[in-house]
file coords.cif (mmCIF, C-alpha atoms)
data_data
loop_
_atom_site.label_atom_id
_atom_site.label_comp_id
_atom_site.auth_asym_id
_atom_site.auth_seq_id
_atom_site.Cartn_x
_atom_site.Cartn_y
_atom_site.Cartn_z
CA SER C 1 -23.18 38.88 57.45
CA LEU C 2 -26.82 40.02 57.58
CA THR C 3 -27.78 43.44 56.27
CA THR C 4 -30.99 45.35 55.79
CA ILE C 5 -29.86 46.76 52.45
CA ALA C 6 -30.99 44.68 49.49
CA PRO C 7 -28.28 43.87 46.93
CA THR C 8 -28.40 45.81 43.73
CA GLN C 9 -29.27 44.19 40.44
CA SER C 10 -25.66 44.51 39.30
CA LEU C 11 -24.43 42.59 42.37
CA GLN C 12 -27.05 39.88 41.86
CA PHE C 13 -26.05 39.59 38.23
CA SER C 14 -22.38 39.17 39.14
CA HIS C 15 -23.30 36.67 41.88
CA HIS C 16 -25.28 34.43 39.53
CA LEU C 17 -22.50 34.73 36.98
CA SER C 18 -20.06 33.34 39.54
CA LEU C 19 -22.44 30.44 40.26
CA LEU C 20 -22.05 29.12 36.71
CA SER C 21 -19.06 27.10 37.91
CA SER C 22 -21.11 25.36 40.59
CA HIS C 23 -20.99 21.56 40.83
CA SER C 24 -24.79 21.36 40.91
CA SER C 25 -26.42 21.26 37.48
CA SER C 26 -29.68 22.67 38.88
CA GLN C 27 -27.78 25.65 40.30
CA ARG C 28 -26.10 26.31 36.94
CA ARG C 29 -29.47 26.08 35.19
CA ASP C 30 -31.17 28.46 37.65
CA SER C 31 -28.32 30.96 37.35
CA LEU C 32 -28.59 30.90 33.56
CA ALA C 33 -32.35 31.42 33.87
CA TYR C 34 -31.79 34.45 36.11
CA LEU C 35 -29.27 35.95 33.69
CA THR C 36 -31.69 35.41 30.80
CA THR C 37 -34.55 37.09 32.67
CA ALA C 38 -32.32 40.01 33.73
CA ILE C 39 -31.25 40.69 30.14
CA ILE C 40 -34.76 40.35 28.69
CA SER C 41 -36.42 42.55 31.32
CA ARG C 42 -34.00 45.46 31.00
CA PRO C 43 -35.10 48.54 29.01
CA VAL C 44 -34.14 48.54 25.36
CA THR C 45 -32.04 51.69 25.69
CA THR C 46 -30.13 50.34 28.72
CA PRO C 47 -26.84 48.52 28.05
CA LEU C 48 -26.08 45.10 29.49
CA LEU C 49 -25.05 44.94 33.13
CA GLN C 50 -21.83 43.34 31.92
CA PRO C 51 -20.50 43.38 28.36
CA VAL C 52 -20.71 40.30 26.17
CA SER C 53 -16.90 40.13 26.12
CA ALA C 54 -16.98 39.47 29.89
CA LEU C 55 -19.92 37.02 29.75
CA LEU C 56 -18.73 34.70 26.99
CA PRO C 57 -15.59 33.37 28.76
CA ARG C 58 -17.89 32.17 31.59
CA LEU C 59 -20.58 30.83 29.27
CA ASN C 60 -18.60 29.10 26.53
CA PRO C 61 -17.48 26.09 28.64
CA LEU C 62 -21.14 25.31 29.36
CA ILE C 63 -21.58 24.35 25.70
CA LEU C 64 -19.97 21.02 26.66
CA ASP C 65 -21.96 20.68 29.89
CA GLY C 66 -23.29 17.19 30.62
CA SER C 67 -26.77 18.41 31.61
CA HIS C 68 -29.31 18.85 28.81
CA SER C 69 -31.30 21.44 30.79
CA VAL C 70 -28.17 23.59 31.25
CA ARG C 71 -27.38 23.54 27.54
CA SER C 72 -30.99 24.38 26.63
CA GLN C 73 -31.02 27.34 29.02
CA LEU C 74 -27.65 28.44 27.66
CA LEU C 75 -29.07 28.61 24.14
CA LYS C 76 -31.94 30.78 25.42
CA LEU C 77 -29.41 33.11 27.02
CA PHE C 78 -27.32 33.34 23.85
CA ARG C 79 -30.39 34.36 21.87
CA THR C 80 -30.85 37.43 24.09
CA PHE C 81 -27.43 38.88 23.22
CA PRO C 82 -27.32 41.75 20.70
CA SER C 83 -25.74 40.63 17.44
CA ARG C 84 -23.54 43.75 17.16
CA GLU C 85 -21.86 42.86 20.47
CA THR C 86 -21.54 39.16 19.66
CA ASP C 87 -19.80 39.62 16.28
CA PRO C 88 -16.28 40.44 17.54
CA HIS C 89 -16.23 37.42 19.91
CA ILE C 90 -17.98 34.71 17.91
CA ARG C 91 -14.70 33.04 16.96
CA HIS C 92 -14.06 32.12 20.62
CA THR C 93 -17.53 30.60 20.96
CA LEU C 94 -17.03 28.74 17.70
CA LEU C 95 -14.11 26.80 19.22
CA TYR C 96 -16.43 25.25 21.81
CA ILE C 97 -19.17 24.67 19.24
CA ARG C 98 -16.77 22.69 17.03
CA ALA C 99 -15.69 20.68 20.08
CA GLY C 100 -19.35 19.92 20.76
CA LEU C 101 -19.99 18.86 17.16
CA THR C 102 -17.32 16.15 17.44
CA HIS C 103 -18.22 15.10 21.02
CA LEU C 104 -18.80 11.43 21.83
CA ALA C 105 -22.20 12.11 23.42
CA ALA C 106 -25.01 12.38 20.88
CA ASP C 107 -27.06 14.87 22.94
CA ILE C 108 -24.09 17.25 23.18
CA ARG C 109 -23.62 17.02 19.41
CA SER C 110 -27.30 17.88 18.95
CA SER C 111 -27.07 20.90 21.27
CA ALA C 112 -23.90 22.07 19.52
CA THR C 113 -25.76 21.88 16.20
CA ASP C 114 -28.48 24.16 17.60
CA LEU C 115 -25.84 26.58 18.86
CA LEU C 116 -24.14 26.61 15.47
CA LEU C 117 -27.45 27.48 13.83
CA TRP C 118 -27.87 30.36 16.29
CA ALA C 119 -24.35 31.60 15.50
CA ILE C 120 -24.98 31.50 11.75
CA GLU C 121 -28.27 33.38 12.07
CA THR C 122 -26.79 35.98 14.45
CA CYS C 123 -23.54 36.88 12.67
CA PRO C 124 -23.17 34.93 9.40
CA ASN C 125 -20.49 37.10 7.77
CA GLU C 126 -18.25 37.17 10.83
CA LEU C 127 -18.64 33.44 11.39
CA VAL C 128 -17.53 32.29 7.95
CA SER C 129 -14.71 34.84 7.68
CA CYS C 130 -13.04 34.41 11.09
CA ALA C 131 -9.87 32.35 11.53
CA GLY C 132 -10.79 28.70 10.97
CA GLY C 133 -14.46 29.53 10.69
CA TRP C 134 -14.86 28.23 7.13
CA VAL C 135 -12.69 25.15 6.69
CA LYS C 136 -12.70 23.76 10.22
CA THR C 137 -16.45 24.17 10.67
CA LEU C 138 -17.08 22.47 7.35
CA LYS C 139 -14.86 19.56 8.38
CA CYS C 140 -16.78 19.19 11.66
CA LEU C 141 -20.16 19.16 9.89
CA LEU C 142 -18.95 16.58 7.36
CA THR C 143 -17.55 14.48 10.20
CA VAL C 144 -20.96 14.46 11.90
CA LEU C 145 -22.53 13.32 8.61
CA HIS C 146 -19.67 10.82 8.02
CA TRP C 147 -19.02 12.47 4.66
CA HIS C 148 -15.28 12.26 4.56
CA ALA C 149 -12.47 10.74 2.52
CA PRO C 150 -9.14 9.26 3.64
CA PHE C 151 -7.30 12.14 2.00
CA ILE C 152 -7.90 14.69 -0.70
CA THR C 153 -5.74 15.85 -3.56
CA ILE C 154 -5.79 19.64 -3.28
CA GLY C 155 -6.00 21.53 -6.53
CA THR C 156 -7.65 18.74 -8.52
CA ARG C 157 -11.29 18.15 -9.17
CA ALA C 158 -11.37 14.51 -8.10
CA ALA C 159 -10.86 13.49 -4.50
CA ILE C 160 -8.96 10.29 -3.81
CA GLY C 161 -11.14 7.89 -1.89
CA ALA C 162 -14.23 10.09 -2.17
CA ASN C 163 -16.47 7.06 -2.69
CA GLU C 164 -15.19 5.24 0.39
CA TRP C 165 -17.21 7.39 2.77
CA SER C 166 -20.31 5.22 2.25
CA SER C 167 -18.84 2.36 4.28
CA SER C 168 -19.31 4.35 7.51
CA ARG C 169 -21.99 6.80 6.46
CA ALA C 170 -24.50 8.40 8.80
CA PRO C 171 -27.77 6.58 9.57
CA LEU C 172 -29.74 8.44 6.94
CA GLY C 173 -32.81 6.30 6.61
CA LYS C 174 -33.21 5.36 10.28
CA GLU C 175 -36.19 6.58 12.24
CA GLY C 176 -36.06 8.19 15.65
CA SER C 177 -33.48 10.52 17.11
CA GLU C 178 -30.66 9.43 14.77
CA GLY C 179 -32.62 10.25 11.63
CA LYS C 180 -33.82 13.56 13.09
CA SER C 181 -30.27 14.55 14.01
CA THR C 182 -29.19 13.89 10.42
CA VAL C 183 -31.98 16.11 9.11
CA LYS C 184 -30.99 18.83 11.58
CA THR C 185 -27.33 18.62 10.56
CA LEU C 186 -28.25 18.83 6.87
CA SER C 187 -30.37 21.90 7.56
CA VAL C 188 -27.51 23.57 9.44
CA LEU C 189 -25.13 22.64 6.61
CA THR C 190 -27.51 24.32 4.15
CA THR C 191 -27.60 27.50 6.23
CA PHE C 192 -23.83 27.49 6.67
CA LEU C 193 -23.15 27.04 2.94
CA ARG C 194 -25.64 29.77 2.12
CA ALA C 195 -23.81 32.16 4.47
CA GLY C 196 -20.40 31.32 3.01
CA LEU C 197 -21.06 30.83 -0.70
CA MET C 198 -23.83 33.32 -1.40
CA GLU C 199 -23.31 37.06 -1.73
CA GLU C 200 -23.57 39.15 1.40
CA ASN C 201 -26.91 40.73 2.21
CA ASN C 202 -25.52 44.27 2.26
CA ALA C 203 -23.64 44.00 -1.05
CA HIS C 204 -26.51 45.34 -3.15
CA ALA C 205 -27.31 47.98 -0.52
CA ASP C 206 -23.76 49.31 -0.67
CA ALA C 207 -23.92 49.46 -4.48
CA THR C 208 -27.21 51.36 -4.28
CA CYS C 209 -25.77 53.84 -1.77
CA ALA C 210 -22.73 54.39 -3.98
CA GLU C 211 -24.97 55.50 -6.84
CA LYS C 212 -26.58 58.20 -4.69
CA TRP C 213 -23.37 60.21 -4.33
CA LEU C 214 -23.19 63.10 -6.77
CA PHE C 215 -20.09 64.53 -8.46
CA PRO C 216 -17.44 65.24 -7.23
CA LEU C 217 -18.06 62.66 -4.48
CA ARG C 218 -17.02 59.23 -5.72
CA TYR C 219 -16.22 56.00 -3.83
CA VAL C 220 -17.13 57.63 -0.54
CA GLU C 221 -17.89 54.26 1.07
CA ALA C 222 -14.26 53.22 0.53
CA HIS C 223 -13.07 56.10 2.73
CA MET C 224 -15.59 55.62 5.54
CA LEU C 225 -15.01 53.76 8.79
CA PRO C 226 -15.06 49.94 8.38
CA LYS C 227 -18.20 48.10 9.40
CA ARG C 228 -16.39 45.13 10.96
CA SER C 229 -14.03 44.95 13.89
CA ASN C 230 -10.32 44.32 13.42
CA THR C 231 -10.48 45.01 9.69
CA PHE C 232 -6.89 43.97 8.96
CA ALA C 233 -6.95 40.75 11.00
CA HIS C 234 -6.80 38.67 7.82
CA LEU C 235 -3.27 40.00 7.20
CA ASN C 236 -2.08 38.27 10.40
CA LEU C 237 0.63 40.88 10.95
CA PHE C 238 1.50 39.98 14.56
CA GLY C 239 0.03 36.50 15.01
CA PRO C 240 1.57 33.07 14.54
CA PRO C 241 1.67 31.67 11.00
CA ARG C 242 -1.53 29.96 9.92
CA ASP C 243 -2.14 26.91 7.79
CA GLU C 244 -4.86 26.51 5.20
CA GLU C 245 -7.46 25.38 7.74
CA SER C 246 -6.84 28.22 10.21
CA GLU C 247 -6.72 30.95 7.55
CA MET C 248 -9.29 33.74 7.32
CA TYR C 249 -11.32 33.69 4.10
CA VAL C 250 -12.91 37.12 4.07
CA GLU C 251 -13.97 37.26 0.42
CA ARG C 252 -16.62 35.06 -1.12
CA GLU C 253 -14.34 34.07 -4.01
CA GLU C 254 -11.74 32.71 -1.57
CA ARG C 255 -14.35 30.56 0.18
CA GLN C 256 -15.61 29.29 -3.17
CA ARG C 257 -12.11 28.34 -4.22
CA ILE C 258 -11.23 26.39 -1.08
CA PHE C 259 -14.64 24.70 -1.07
CA HIS C 260 -14.21 23.68 -4.71
CA GLU C 261 -10.75 22.27 -4.06
CA ARG C 262 -11.41 20.39 -0.82
CA PHE C 263 -15.11 19.72 -0.25
CA TYR C 264 -17.16 20.00 -3.44
CA VAL C 265 -16.76 16.38 -4.58
CA ILE C 266 -17.41 14.90 -1.15
CA VAL C 267 -20.48 17.05 -0.46
CA SER C 268 -21.91 16.35 -3.91
CA SER C 269 -21.48 12.58 -3.43
CA GLY C 270 -23.08 12.68 0.00
CA VAL C 271 -25.99 14.80 -1.19
CA GLU C 272 -26.76 12.48 -4.10
CA THR C 273 -26.81 9.46 -1.81
CA ALA C 274 -28.98 11.24 0.76
CA LYS C 275 -31.46 12.34 -1.90
CA ARG C 276 -31.96 8.71 -2.91
CA GLU C 277 -33.03 7.90 0.65
CA GLY C 278 -36.16 10.05 0.28
CA GLY C 279 -38.31 11.35 3.11
CA GLU C 280 -37.18 14.20 5.35
CA VAL C 281 -33.53 13.38 4.71
CA GLY C 282 -34.06 13.58 0.95
CA ARG C 283 -35.78 16.96 1.23
CA ALA C 284 -33.00 18.32 3.45
CA ALA C 285 -30.37 17.03 1.00
CA ALA C 286 -32.24 18.70 -1.86
CA GLY C 287 -31.87 22.01 -0.01
CA VAL C 288 -28.11 21.45 0.24
CA ALA C 289 -27.95 20.66 -3.49
CA LYS C 290 -29.83 23.88 -4.32
CA VAL C 291 -27.42 25.98 -2.27
CA LEU C 292 -24.47 24.25 -3.99
CA VAL C 293 -25.78 25.22 -7.41
CA GLU C 294 -26.60 28.81 -6.44
CA GLY C 295 -23.48 29.33 -4.33
CA MET C 296 -21.00 28.05 -6.90
CA GLU C 297 -22.70 29.84 -9.79
CA GLY C 298 -20.21 31.99 -11.66
CA PHE C 299 -17.19 30.50 -9.89
CA GLY C 300 -15.64 28.97 -13.04
CA ARG C 301 -16.51 32.01 -15.14
CA ALA C 302 -14.90 34.35 -12.62
CA THR C 303 -11.76 32.22 -12.55
CA TRP C 304 -11.60 32.17 -16.37
CA CYS C 305 -12.08 35.94 -16.60
CA PHE C 306 -9.33 36.46 -14.03
CA THR C 307 -7.01 34.19 -16.02
CA ILE C 308 -7.72 36.10 -19.23
CA GLN C 309 -7.11 39.43 -17.49
CA TYR C 310 -3.86 38.14 -16.00
CA VAL C 311 -2.61 36.92 -19.39
CA ASP C 312 -3.63 40.21 -20.99
CA ILE C 313 -1.75 42.20 -18.34
CA GLU C 314 1.27 39.93 -18.69
CA MET C 315 1.31 40.42 -22.49
CA ARG C 316 1.03 44.17 -22.06
CA GLU C 317 3.91 44.19 -19.59
CA LYS C 318 6.00 42.06 -21.94
CA THR C 319 5.23 44.36 -24.87
CA SER C 320 6.04 47.44 -22.81
CA GLU C 321 9.35 45.88 -21.71
CA GLU C 322 10.29 45.16 -25.34
CA MET C 323 9.39 48.70 -26.38
CA PHE C 324 11.38 50.11 -23.47
CA SER C 325 14.44 48.03 -24.36
CA LYS C 326 14.24 49.16 -28.01
CA ARG C 327 13.91 52.79 -26.97
CA PHE C 328 16.78 52.42 -24.53
CA ARG C 329 19.06 50.98 -27.21
CA LEU C 330 18.05 53.77 -29.61
CA PHE C 331 18.69 56.37 -26.92
CA GLY C 332 22.14 54.84 -26.32
CA LYS C 333 23.04 55.11 -29.97
CA VAL C 334 21.83 58.71 -30.20
CA SER C 335 23.69 59.70 -27.03
CA THR C 336 26.90 58.10 -28.37
CA ILE C 337 26.66 60.11 -31.60
CA PHE C 338 26.05 63.36 -29.73
CA THR C 339 28.98 62.64 -27.39
CA MET C 340 31.35 62.05 -30.33
CA GLN C 341 30.24 65.25 -32.03
CA TYR C 342 30.70 67.21 -28.81
CA MET C 343 34.25 65.86 -28.30
CA ARG C 344 35.21 66.68 -31.91
CA ARG C 345 33.97 70.27 -31.57
CA ARG C 346 35.73 70.64 -28.22
CA SER C 347 39.06 69.45 -29.63
CA GLN C 348 38.70 71.81 -32.59
CA SER C 349 38.16 74.80 -30.32
CA ILE C 350 41.13 73.95 -28.06
CA PHE C 351 43.79 72.69 -30.48
CA GLY C 352 42.55 74.26 -33.69
CA VAL C 353 42.29 70.85 -35.32
CA GLN C 354 40.04 70.77 -38.37
#

call {"tool": "encode", "arguments": {"input": "coords.cif", "output": "structure tokens"}}
result
Amino acid sequence: SLTTIAPTQSLQFSHHLSLLSSHSSSQRRDSLAYLTTAIISRPVTTPLLQPVSALLPRLNPLILDGSHSVRSQLLKLFRTFPSRETDPHIRHTLLYIRAGLTHLAADIRSSATDLLLWAIETCPNELVSCAGGWVKTLKCLLTVLHWHAPFITIGTRAAIGANEWSSSRAPLGKEGSEGKSTVKTLSVLTTFLRAGLMEENNAHADATCAEKWLFPLRYVEAHMLPKRSNTFAHLNLFGPPRDEESEMYVEREERQRIFHERFYVIVSSGVETAKREGGEVGRAAAGVAKVLVEGMEGFGRATWCFTIQYVDIEMREKTSEEMFSKRFRLFGKVSTIFTMQYMRRRSQSIFGVQ
């Protein structure tokens, strides 16, 4: 029906959001462009017309859209979202990004790589610590590069079949779009490893803030509100049981351990081969190698120190148990002597027995 009252901006926003499921690719692109303009043009102090939690379920399926213009406009829209509102929901978007990384179409894989780079730059800590965010994303990136082995022996340093990946390796030295996609994937792999293996950006800031508290205030930051949403999600108290790939690796040491057990040998072999190719691919592989060295620095030393501390604690507990058993036996002997003396005195007082 016709009306003389113009629709409000909120109604127009909701209308274009509903048009994202249109069969026309040009209509989906124009709707994404309108949403992008509406978010950019709003005042800084004004919240979004709809929260990110309501927008992402409509936008995530477009990551696998067949139109290149739709996916490009989608990336522009994602870049307008505030990072603090995207953090709690990045794990849902990551599911579609991983599906795009392993898609049969090369242009969708390329767009998914760009989206993964945006996700890493927007919320790196939440991305690598969410459920499946570390292991599954690494497997997808190595699949794109064809750096994989038939199977891996977990817990050992050598990977069985690690050298067989070269038979179906990625087109490293080729020119054109294939070579550029390899360079892009290597750059994203470098950024992803830096986010997962390096120390968090706010670690030193928290240590500096802790030193500013005067006596009697100590460890105040440990009693403050958590900085991340769903702080105890890694405990998986009410969710289904997870396997090693779907587990949450919140701490840096946990990510280093699983990377060392499952991916270190394969990534090192692939990087060495890519460096020998030279050119842009060789430079990108050199960046991956640098992150490997810096990210895994101190991993073996930390493991050795933990082992020494564990053995020391175990020896102390064993020594304390031995001392307790000796004291208990001595206490038993003393209590037996006192009991016999008490019974003798009691019988003397009752029966007059000397």

call {"tool": "resolve_selection", "arguments": {"input": "coords.cif", "expression": "the PyMOL selection byres ((chain C and resi 73) around 10)", "output": "list in words"}}
result
Arg28, Arg29, Asp30, Ser31, Leu32, Ala33, Leu35, Thr36, His68, Ser69, Val70, Arg71, Ser72, Leu74, Leu75, Lys76, Leu77 and Phe78 of chain C

call {"tool": "resolve_selection", "arguments": {"input": "coords.cif", "expression": "the PyMOL selection byres ((chain C and resi 112-122) around 6)", "output": "PyMOL selection string"}}
result
chain C and resi 83+97+100-101+109-111+123-124+188

call {"tool": "atom_distance", "arguments": {"input": "coords.cif", "atom1": "atom CA of C:Leu127", "atom2": "atom CA of C:Ile266"}}
result
22.4 Å

call {"tool": "closest_residue", "arguments": {"input": "coords.cif", "among": "C:Met248, C:Leu94, C:Ile40, C:Leu64", "to": "C:Arg79", "atoms": "only C-alpha atoms"}}
result
C:Ile40

call {"tool": "atom_distance", "arguments": {"input": "coords.cif", "atom1": "atom CA of C:Ala289", "atom2": "atom CA of C:Ala105"}}
result
28.8 Å

call {"tool": "atom_distance", "arguments": {"input": "coords.cif", "atom1": "atom CA of C:Ala195", "atom2": "atom CA of C:Val128"}}
result
7.2 Å
